[in-house]
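Text of data_24.txt, listed as compact mmCIF, C-alpha atoms and all ligand atoms:
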```
# COMPACT_ATOMS: atom_id res chain seq x y z
CA MET A 1 0.00 0.00 0.00
CA LYS A 2 3.07 2.22 -0.34
CA TRP A 3 1.76 3.83 -3.52
CA VAL A 4 -1.51 4.82 -1.82
CA LYS A 5 0.50 6.66 0.81
CA ARG A 6 2.63 8.36 -1.85
CA ILE A 7 -0.41 9.49 -3.84
CA GLY A 8 -1.99 10.76 -0.63
CA ILE A 9 1.10 12.80 0.24
CA ALA A 10 1.30 14.14 -3.33
CA ILE A 11 -2.36 15.24 -3.22
CA ILE A 12 -1.84 16.97 0.14
CA ILE A 13 1.23 18.82 -1.22
CA ILE A 14 -0.69 19.91 -4.35
CA LEU A 15 -3.61 21.15 -2.22
CA ILE A 16 -1.25 23.11 0.05
CA LEU A 17 0.46 24.70 -2.99
CA LEU A 18 -2.93 25.56 -4.51
CA ALA A 19 -4.08 27.14 -1.22
CA ILE A 20 -0.89 29.21 -1.00
CA GLY A 21 -1.27 30.30 -4.64
CA LEU A 22 -4.93 31.25 -4.13
CA GLY A 23 -4.03 33.13 -0.96
CA ILE A 24 -1.37 35.16 -2.78
CA LEU A 25 -3.80 35.90 -5.63
CA MET A 26 -6.56 37.05 -3.25
CA ARG A 27 -4.14 39.22 -1.32
CA LYS A 28 -2.84 40.81 -4.51
CA ALA A 29 -6.38 41.48 -5.73
CA LYS A 30 -7.46 43.02 -2.44
CA TYR A 31 -4.41 44.89 -1.22
CA GLY A 32 -1.81 44.72 -3.98
CA PHE A 33 1.88 44.49 -3.27
CA ALA A 34 2.68 48.14 -2.89
CA THR A 35 5.72 49.60 -4.59
CA TYR A 36 6.41 53.30 -4.55
CA GLU A 37 8.40 55.72 -6.67
CA THR A 38 9.53 58.66 -4.59
CA ASP A 39 11.91 60.36 -7.03
CA ALA A 40 10.20 63.15 -8.94
CA HIS A 41 9.41 62.09 -12.49
CA GLU A 42 9.88 65.29 -14.44
CA ILE A 43 8.72 65.91 -17.95
CA THR A 44 8.95 68.98 -20.14
CA LEU A 45 5.93 70.15 -22.05
CA ASP A 46 7.01 72.35 -24.93
CA THR A 47 3.40 73.16 -25.64
CA ASP A 48 0.55 75.18 -24.23
CA ARG A 49 -1.98 72.72 -25.62
CA PRO A 50 -4.29 70.94 -23.16
CA ALA A 51 -2.36 68.09 -21.55
CA ILE A 52 -3.66 64.68 -20.55
CA LEU A 53 -1.82 62.29 -18.24
CA ILE A 54 -2.53 58.57 -18.49
CA PHE A 55 -1.56 56.75 -15.30
CA SER A 56 -1.50 52.97 -15.75
CA LYS A 57 0.35 51.79 -12.64
CA THR A 58 -1.02 48.71 -10.87
CA THR A 59 0.02 47.00 -7.67
CA GLY A 60 -3.27 45.09 -7.39
CA TRP A 61 -5.09 43.18 -10.10
CA ARG A 62 -3.64 44.04 -13.51
CA HIS A 63 -6.00 44.27 -16.50
CA SER A 64 -3.09 43.93 -18.94
CA GLU A 65 -5.14 43.57 -22.10
CA ALA A 66 -7.39 46.52 -21.28
CA ILE A 67 -4.50 48.75 -20.19
CA ASP A 68 -2.57 47.99 -23.35
CA ALA A 69 -5.63 48.65 -25.52
CA ALA A 70 -6.67 51.85 -23.74
CA VAL A 71 -3.34 53.66 -24.08
CA PRO A 72 -3.21 53.82 -27.91
CA ALA A 73 -6.98 54.44 -28.07
CA ILE A 74 -6.72 57.46 -25.75
CA GLU A 75 -3.56 58.64 -27.52
CA GLN A 76 -5.48 58.58 -30.80
CA VAL A 77 -8.31 60.63 -29.28
CA CYS A 78 -5.79 63.19 -28.00
CA LYS A 79 -4.07 63.33 -31.38
CA GLU A 80 -7.37 64.05 -33.13
CA LYS A 81 -8.25 66.73 -30.57
CA GLY A 82 -4.80 68.31 -30.61
CA TRP A 83 -4.17 67.53 -26.93
CA PHE A 84 -0.77 66.62 -25.53
CA VAL A 85 -0.81 63.15 -23.96
CA TYR A 86 1.67 61.36 -21.74
CA ASN A 87 1.44 57.81 -20.43
CA THR A 88 3.37 56.58 -17.41
CA GLU A 89 3.33 53.99 -14.65
CA ASP A 90 5.78 56.06 -12.58
CA ALA A 91 3.97 57.58 -9.57
CA GLY A 92 6.90 59.96 -9.15
CA ILE A 93 4.93 62.23 -11.48
CA PHE A 94 2.47 62.92 -8.63
CA ASN A 95 4.12 66.10 -7.41
CA ASN A 96 2.78 69.65 -7.67
CA ALA A 97 5.26 70.83 -10.28
CA GLN A 98 4.33 68.02 -12.66
CA LEU A 99 0.60 67.59 -12.04
CA GLU A 100 -0.12 71.28 -12.57
CA LYS A 101 1.00 70.83 -16.18
CA PHE A 102 -1.96 68.51 -16.81
CA ASP A 103 -5.66 69.26 -17.28
CA VAL A 104 -6.79 65.68 -16.67
CA VAL A 105 -5.28 62.62 -15.01
CA ILE A 106 -6.71 59.34 -16.32
CA TRP A 107 -6.42 56.37 -13.97
CA ASN A 108 -6.25 53.66 -16.60
CA ASN A 109 -7.32 50.53 -14.72
CA SER A 110 -4.87 51.57 -12.01
CA THR A 111 -5.32 49.29 -8.99
CA GLY A 112 -3.88 48.82 -5.51
CA ARG A 113 -1.83 51.15 -3.35
CA VAL A 114 0.00 53.09 -6.02
CA LEU A 115 0.82 56.40 -4.29
CA THR A 116 2.69 57.35 -1.12
CA ASP A 117 0.73 59.36 1.48
CA GLU A 118 2.40 62.53 0.21
CA GLN A 119 1.53 61.74 -3.42
CA ARG A 120 -2.06 61.07 -2.35
CA LEU A 121 -2.32 64.51 -0.73
CA THR A 122 -0.77 66.08 -3.82
CA PHE A 123 -3.37 64.43 -6.05
CA GLN A 124 -6.24 65.35 -3.72
CA SER A 125 -5.11 68.97 -3.74
CA TYR A 126 -4.71 68.85 -7.55
CA VAL A 127 -8.34 67.77 -7.97
CA GLU A 128 -9.77 70.06 -5.27
CA ASN A 129 -8.04 72.99 -6.90
CA GLY A 130 -9.54 72.38 -10.32
CA GLY A 131 -7.84 69.31 -11.81
CA GLY A 132 -9.71 66.64 -13.72
CA TYR A 133 -9.92 62.96 -12.78
CA LEU A 134 -11.09 60.20 -15.12
CA GLY A 135 -11.20 56.68 -13.66
CA ILE A 136 -11.58 53.55 -15.77
CA HIS A 137 -12.90 50.21 -14.44
CA GLY A 138 -10.29 48.81 -11.99
CA ALA A 139 -9.57 52.38 -10.84
CA GLY A 140 -12.84 52.04 -8.89
CA ASP A 141 -12.34 48.66 -7.26
CA PHE A 142 -11.69 47.99 -3.57
CA SER A 143 -7.91 47.78 -3.76
CA HIS A 144 -6.90 51.40 -3.15
CA HIS A 145 -7.58 51.64 0.60
CA TRP A 146 -7.83 55.41 0.46
CA ASP A 147 -10.94 57.01 2.00
CA TRP A 148 -10.88 60.31 0.08
CA TYR A 149 -10.45 58.46 -3.19
CA LYS A 150 -13.33 56.08 -2.45
CA ASP A 151 -15.71 58.53 -0.77
CA GLU A 152 -15.12 61.77 -2.62
CA LEU A 153 -13.67 60.83 -6.00
CA ILE A 154 -15.36 57.51 -6.86
CA SER A 155 -18.19 58.07 -4.36
CA ALA A 156 -19.11 54.42 -3.95
CA GLN A 157 -17.75 51.31 -2.29
CA PHE A 158 -17.01 48.49 -4.74
CA SER A 159 -18.68 45.23 -3.71
CA HIS A 160 -18.03 42.64 -6.41
CA HIS A 161 -18.43 41.66 -10.04
CA PRO A 162 -20.20 38.64 -11.49
CA ILE A 163 -18.13 35.48 -11.31
CA LYS A 164 -20.24 32.77 -12.91
CA ASN A 165 -21.09 34.92 -15.93
CA GLN A 166 -18.16 37.25 -15.63
CA ILE A 167 -18.56 38.99 -19.00
CA GLN A 168 -22.12 39.85 -19.99
CA LYS A 169 -23.72 41.85 -22.76
CA ALA A 170 -26.04 44.68 -21.79
CA ASP A 171 -27.76 47.72 -23.23
CA VAL A 172 -26.10 50.94 -22.09
CA TYR A 173 -28.53 53.82 -21.53
CA LEU A 174 -27.58 57.49 -21.54
CA SER A 175 -29.35 59.25 -18.69
CA ALA A 176 -32.27 61.41 -19.82
CA THR A 177 -30.85 64.29 -17.77
CA ALA A 178 -27.45 64.22 -19.54
CA ASP A 179 -26.72 67.33 -21.56
CA SER A 180 -26.20 67.23 -25.30
CA SER A 181 -22.39 67.23 -25.13
CA TRP A 182 -22.59 63.46 -24.55
CA ARG A 183 -22.93 62.44 -28.15
CA THR A 184 -23.35 58.69 -27.78
CA PRO A 185 -26.68 57.17 -28.89
CA PRO A 186 -29.36 57.00 -26.17
CA VAL A 187 -28.92 53.20 -26.10
CA TRP A 188 -25.94 51.12 -27.20
CA THR A 189 -24.74 47.61 -26.57
CA HIS A 190 -21.62 46.72 -24.69
CA GLU A 191 -20.05 43.58 -23.28
CA ASP A 192 -18.13 43.95 -20.02
CA GLU A 193 -17.51 42.80 -16.49
CA TRP A 194 -20.21 44.82 -14.70
CA TYR A 195 -19.09 46.17 -11.35
CA ILE A 196 -21.53 46.21 -8.45
CA PHE A 197 -21.20 48.80 -5.70
CA ASP A 198 -22.72 48.73 -2.21
CA GLU A 199 -24.70 51.87 -2.84
CA SER A 200 -25.44 54.28 -5.66
CA PRO A 201 -22.86 57.08 -6.03
CA THR A 202 -25.80 59.52 -6.06
CA GLN A 203 -25.77 59.07 -2.26
CA LYS A 204 -22.54 61.04 -2.27
CA GLY A 205 -23.62 63.69 -4.74
CA ALA A 206 -22.60 62.10 -8.06
CA GLU A 207 -24.82 62.28 -11.15
CA ILE A 208 -25.45 59.10 -13.11
CA LEU A 209 -24.61 59.53 -16.75
CA TYR A 210 -24.87 55.98 -18.07
CA PHE A 211 -26.65 52.97 -16.63
CA ILE A 212 -27.68 49.43 -17.52
CA ASP A 213 -30.79 47.51 -16.50
CA GLY A 214 -29.25 45.55 -13.65
CA SER A 215 -32.26 43.24 -13.49
CA LYS A 216 -31.19 41.83 -16.86
CA ILE A 217 -27.71 40.71 -15.80
CA ASP A 218 -26.68 37.90 -13.49
CA PRO A 219 -24.99 39.73 -10.58
CA ASP A 220 -23.85 36.60 -8.76
CA GLY A 221 -20.32 37.10 -7.46
CA ASN A 222 -20.36 34.29 -4.92
CA MET A 223 -17.26 32.12 -4.81
CA LEU A 224 -15.98 29.56 -2.33
CA TRP A 225 -16.30 31.21 1.08
CA ILE A 226 -17.75 34.49 -0.25
CA THR A 227 -21.49 33.88 -0.25
CA ASP A 228 -23.22 37.24 0.20
CA LYS A 229 -22.36 38.66 -3.24
CA ASP A 230 -25.47 37.90 -5.24
CA PHE A 231 -27.17 41.30 -5.30
CA GLY A 232 -27.29 43.85 -8.08
CA MET A 233 -28.02 47.58 -8.32
CA GLY A 234 -31.54 47.56 -9.72
CA ASP A 235 -32.97 48.67 -13.04
CA GLN A 236 -30.86 51.84 -13.15
CA HIS A 237 -27.54 50.22 -12.39
CA PRO A 238 -24.93 53.01 -12.65
CA ILE A 239 -21.93 52.39 -14.90
CA ALA A 240 -20.61 55.93 -15.45
CA TRP A 241 -21.06 59.04 -13.34
CA THR A 242 -19.82 62.58 -12.84
CA LYS A 243 -19.16 64.68 -9.77
CA GLY A 244 -17.73 68.05 -8.83
CA VAL A 245 -14.96 67.63 -6.24
CA GLY A 246 -13.95 70.99 -4.80
CA LEU A 247 -13.07 73.05 -7.87
CA GLY A 248 -12.24 69.91 -9.85
CA ARG A 249 -14.29 67.36 -11.73
CA SER A 250 -14.45 63.59 -11.46
CA PHE A 251 -15.72 61.13 -14.05
CA TYR A 252 -15.70 57.41 -13.35
CA THR A 253 -16.81 54.52 -15.53
CA SER A 254 -16.90 50.92 -14.35
CA MET A 255 -16.66 49.78 -17.97
CA GLY A 256 -13.27 48.75 -19.36
CA HIS A 257 -12.38 45.21 -18.27
CA THR A 258 -11.59 43.94 -21.75
CA GLY A 259 -9.30 45.15 -24.51
CA ALA A 260 -12.27 45.06 -26.89
CA THR A 261 -13.93 47.80 -24.82
CA PHE A 262 -11.57 50.29 -26.42
CA GLU A 263 -12.64 49.28 -29.91
CA ASN A 264 -16.26 50.20 -29.16
CA LYS A 265 -16.78 53.55 -30.87
CA ASN A 266 -19.42 54.60 -28.35
CA MET A 267 -16.99 53.94 -25.52
CA ILE A 268 -14.37 56.06 -27.29
CA SER A 269 -16.93 58.79 -27.83
CA MET A 270 -17.83 58.67 -24.14
CA LEU A 271 -14.18 58.81 -23.06
CA THR A 272 -13.52 61.73 -25.41
CA GLU A 273 -16.37 63.71 -23.87
CA ALA A 274 -15.27 62.64 -20.40
CA ILE A 275 -11.78 64.06 -20.98
CA SER A 276 -13.31 67.30 -22.31
CA TRP A 277 -15.70 67.54 -19.37
CA THR A 278 -13.22 66.77 -16.60
CA GLY A 279 -10.57 69.05 -18.09
CA ARG A 280 -13.02 71.78 -19.15
CA LEU A 281 -11.55 71.58 -22.66
ZN ZN B 1 -12.05 43.74 -14.40
```
Kindly present the structure from the file in structure tokens form.
Amino acid sequence: MKWVKRIGIAIIIILILLAIGLGILMRKAKYGFATYETDAHEITLDTDRPAILIFSKTTGWRHSEAIDAAVPAIEQVCKEKGWFVYNTEDAGIFNNAQLEKFDVVIWNNSTGRVLTDEQRLTFQSYVENGGGYLGIHGAGDFSHHWDWYKDELISAQFSHHPIKNQIQKADVYLSATADSSWRTPPVWTHEDEWYIFDESPTQKGAEILYFIDGSKIDPDGNMLWITDKDFGMGDQHPIAWTKGVGLGRSFYTSMGHTGATFENKNMISMLTEAISWTGRL
């Protein structure tokens, strides 16, 4: 019966390795493995054109495909609009001298603890004094552990996303109260990983710009020991919203999990208007 014992030991070792791997993955998704850049990242803008900063740093879950697709898509938008654009994953750019050169900072699926406390205060002050913030998908998940960012900028606590049917197709509705600068059709179709938040961001003063009918998606995010994640956000499930933050403006969209998102012309149109709106361009 030696072989039975050996197989038993092998199975136990595999299970232990799997548990360790899963533990590391969960920890990375929830907290990230923080790395910081404290040296100032200086750039020279030889232009007085509007300037857009794309920040794609992750220390939590990395949406590689989406990040890589969003950068050239946003660069193309900026090129067409005549805006200067700069993409970096170096948080050393979050200092007053550099941020003040930019009209909008786009958090391109940036997740986890990406800024030092000082860089956080610098960014908060940048927004409160008139800067623009545009957050895409993972930028609004639970991994940042930063109250001002969650409460004031995103204005909602991320709960979960569907697990069983992770990517689902839905009709995207433009809010009837949106002004005419949002040139997307009133209804368009999009396939994404639909984020679910504990409460509507309207509770914290945000205005819903786009929503889906949450009763038509499967919101079940239950997995293993997580069993209370099977609720949605109702028939006006917010997926993009705007908010004034001090003198600045915040726009967040929970869309953007997949690379294909950035091939959807309505998504590009929405992002273009979002850059204009947040940067007052
Ligand atoms: Zn995602």
(message) Here is a test: counting only C-alpha atoms, which residue of A:Ser159, A:Asn87, A:Thr58, A:Thr47 is nearest to Lys229 (chain A)?
(response) A:Ser159
(request) Could you tell me which of A:Ser155, A:Gln124, A:Thr44, A:Ser143 comes closest to Met26 (chain A) if we count only C-alpha atoms? (result) A:Ser143
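Neighbouring residues of ligand ZN 1 (chain B) at a cut-off of 6 Å, counting only C-alpha atoms and all ligand atoms, are Gly138, Glu193 and His257 of chain A.
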(request) Measuring atom to atom with all atoms listed in the file, identify which of A:Asn95, A:Ser254, A:Asp68, A:Asp90 is nearest to Ser125 (chain A). (result)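 Of A:Asn95, A:Ser254, A:Asp68, A:Asp90, the one nearest Ser125 (chain A) is A:Asn95, counting all atoms listed in the file.
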(request) Take the point (-33.6, 51.8, -11.3) in the file's coordinates, draw a sphere of radius 12 Å around it, and report as a VMD selection string every protein, DNA or RNA residue with an atom inside or on it, counting only C-alpha atoms. (result) chain A and resid 173 175 200 208 210 to 216 232 to 238
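Between CA of Val172 (chain A) and CA of Glu191 (chain A) the interatomic distance comes to 9.6 Å.
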(request) Could you check how far CA of Thr184 (chain A) sits from CA of Gln157 (chain A), in Å to one decimal? (result) 27.1 Å
Expected answer as a PDB file with C-alpha atoms, in the coordinates of the input: all residues with atoms within 6 Å of (-12.9, 54.3, -21.1), all atoms listed in the file:
```pdb
ATOM      1  CA  ILE A 136     -11.580  53.550 -15.770  1.00  0.00           C
ATOM      2  CA  GLY A 256     -13.270  48.750 -19.360  1.00  0.00           C
ATOM      3  CA  LEU A 271     -14.180  58.810 -23.060  1.00  0.00           C
TER       4      LEU A 271
END
```
(request) Kindly indicate which residue among A:Leu134, A:Leu247, A:Ala260, A:Met270 lies nearest to Pro186 (chain A), using all atoms listed in the file for the distances. (result)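 Counting all atoms listed in the file, the residue closest to Pro186 (chain A) is A:Met270.
Pairwise distance (CA of Pro185 (chain A), CA of Asn266 (chain A)) equals 7.7 Å.
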Any chance you could build region 174-204 of chain A out to N, CA and C atoms and write it as an mmCIF file, in the coordinates of the input?
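File produced: result06.cif:
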```
data_model
loop_
_atom_site.group_PDB
_atom_site.id
_atom_site.type_symbol
_atom_site.label_atom_id
_atom_site.label_comp_id
_atom_site.auth_asym_id
_atom_site.auth_seq_id
_atom_site.Cartn_x
_atom_site.Cartn_y
_atom_site.Cartn_z
ATOM 1 N N LEU A 174 -28.024 56.150 -21.920
ATOM 2 C CA LEU A 174 -27.580 57.490 -21.540
ATOM 3 C C LEU A 174 -28.700 58.112 -20.711
ATOM 4 N N SER A 175 -28.332 58.665 -19.569
ATOM 5 C CA SER A 175 -29.350 59.250 -18.690
ATOM 6 C C SER A 175 -30.120 60.356 -19.407
ATOM 7 N N ALA A 176 -31.415 60.409 -19.166
ATOM 8 C CA ALA A 176 -32.270 61.410 -19.820
ATOM 9 C C ALA A 176 -31.879 62.820 -19.393
ATOM 10 N N THR A 177 -31.216 62.947 -18.251
ATOM 11 C CA THR A 177 -30.850 64.290 -17.770
ATOM 12 C C THR A 177 -29.478 64.734 -18.281
ATOM 13 N N ALA A 178 -28.780 63.846 -19.038
ATOM 14 C CA ALA A 178 -27.450 64.220 -19.540
ATOM 15 C C ALA A 178 -27.559 65.331 -20.569
ATOM 16 N N ASP A 179 -26.610 66.262 -20.555
ATOM 17 C CA ASP A 179 -26.720 67.330 -21.560
ATOM 18 C C ASP A 179 -26.189 66.860 -22.912
ATOM 19 N N SER A 180 -26.422 67.684 -23.924
ATOM 20 C CA SER A 180 -26.200 67.230 -25.300
ATOM 21 C C SER A 180 -24.726 67.058 -25.669
ATOM 22 N N SER A 181 -23.800 67.421 -24.780
ATOM 23 C CA SER A 181 -22.390 67.230 -25.130
ATOM 24 C C SER A 181 -22.026 65.734 -25.170
ATOM 25 N N TRP A 182 -22.850 64.908 -24.532
ATOM 26 C CA TRP A 182 -22.590 63.460 -24.550
ATOM 27 C C TRP A 182 -23.229 62.904 -25.807
ATOM 28 N N ARG A 183 -22.395 62.703 -26.820
ATOM 29 C CA ARG A 183 -22.930 62.440 -28.150
ATOM 30 C C ARG A 183 -23.125 60.965 -28.473
ATOM 31 N N THR A 184 -23.095 60.101 -27.493
ATOM 32 C CA THR A 184 -23.350 58.690 -27.780
ATOM 33 C C THR A 184 -24.851 58.516 -28.035
ATOM 34 N N PRO A 185 -25.243 57.425 -28.713
ATOM 35 C CA PRO A 185 -26.680 57.170 -28.890
ATOM 36 C C PRO A 185 -27.346 56.986 -27.516
ATOM 37 N N PRO A 186 -28.676 57.173 -27.447
ATOM 38 C CA PRO A 186 -29.360 57.000 -26.170
ATOM 39 C C PRO A 186 -29.249 55.576 -25.618
ATOM 40 N N VAL A 187 -29.111 54.595 -26.521
ATOM 41 C CA VAL A 187 -28.920 53.200 -26.100
ATOM 42 C C VAL A 187 -27.877 52.553 -27.010
ATOM 43 N N TRP A 188 -26.923 51.879 -26.422
ATOM 44 C CA TRP A 188 -25.940 51.120 -27.200
ATOM 45 C C TRP A 188 -25.585 49.853 -26.451
ATOM 46 N N THR A 189 -25.012 48.910 -27.178
ATOM 47 C CA THR A 189 -24.740 47.610 -26.570
ATOM 48 C C THR A 189 -23.265 47.484 -26.229
ATOM 49 N N HIS A 190 -23.016 46.894 -25.085
ATOM 50 C CA HIS A 190 -21.620 46.720 -24.690
ATOM 51 C C HIS A 190 -21.488 45.449 -23.852
ATOM 52 N N GLU A 191 -20.333 44.803 -24.016
ATOM 53 C CA GLU A 191 -20.050 43.580 -23.280
ATOM 54 C C GLU A 191 -18.941 43.887 -22.284
ATOM 55 N N ASP A 192 -19.148 43.584 -21.009
ATOM 56 C CA ASP A 192 -18.130 43.950 -20.020
ATOM 57 C C ASP A 192 -18.296 43.121 -18.747
ATOM 58 N N GLU A 193 -17.386 43.355 -17.837
ATOM 59 C CA GLU A 193 -17.510 42.800 -16.490
ATOM 60 C C GLU A 193 -18.163 43.923 -15.663
ATOM 61 N N TRP A 194 -19.428 43.724 -15.296
ATOM 62 C CA TRP A 194 -20.210 44.820 -14.700
ATOM 63 C C TRP A 194 -19.964 44.894 -13.195
ATOM 64 N N TYR A 195 -19.377 45.979 -12.772
ATOM 65 C CA TYR A 195 -19.090 46.170 -11.350
ATOM 66 C C TYR A 195 -20.372 46.470 -10.570
ATOM 67 N N ILE A 196 -20.405 45.959 -9.349
ATOM 68 C CA ILE A 196 -21.530 46.210 -8.450
ATOM 69 C C ILE A 196 -20.988 46.908 -7.200
ATOM 70 N N PHE A 197 -21.616 48.013 -6.855
ATOM 71 C CA PHE A 197 -21.200 48.800 -5.700
ATOM 72 C C PHE A 197 -22.248 48.656 -4.593
ATOM 73 N N ASP A 198 -21.809 48.898 -3.340
ATOM 74 C CA ASP A 198 -22.720 48.730 -2.210
ATOM 75 C C ASP A 198 -23.899 49.691 -2.275
ATOM 76 N N GLU A 199 -23.633 50.889 -2.776
ATOM 77 C CA GLU A 199 -24.700 51.870 -2.840
ATOM 78 C C GLU A 199 -24.502 52.727 -4.100
ATOM 79 N N SER A 200 -25.558 53.437 -4.487
ATOM 80 C CA SER A 200 -25.440 54.280 -5.660
ATOM 81 C C SER A 200 -24.555 55.491 -5.343
ATOM 82 N N PRO A 201 -23.704 55.899 -6.267
ATOM 83 C CA PRO A 201 -22.860 57.080 -6.030
ATOM 84 C C PRO A 201 -23.670 58.374 -5.894
ATOM 85 N N THR A 202 -24.959 58.328 -6.256
ATOM 86 C CA THR A 202 -25.800 59.520 -6.060
ATOM 87 C C THR A 202 -25.908 59.869 -4.573
ATOM 88 N N GLN A 203 -25.730 58.842 -3.709
ATOM 89 C CA GLN A 203 -25.770 59.070 -2.260
ATOM 90 C C GLN A 203 -24.694 60.063 -1.819
ATOM 91 N N LYS A 204 -23.641 60.133 -2.618
ATOM 92 C CA LYS A 204 -22.540 61.040 -2.270
ATOM 93 C C LYS A 204 -22.447 62.201 -3.264
#
```
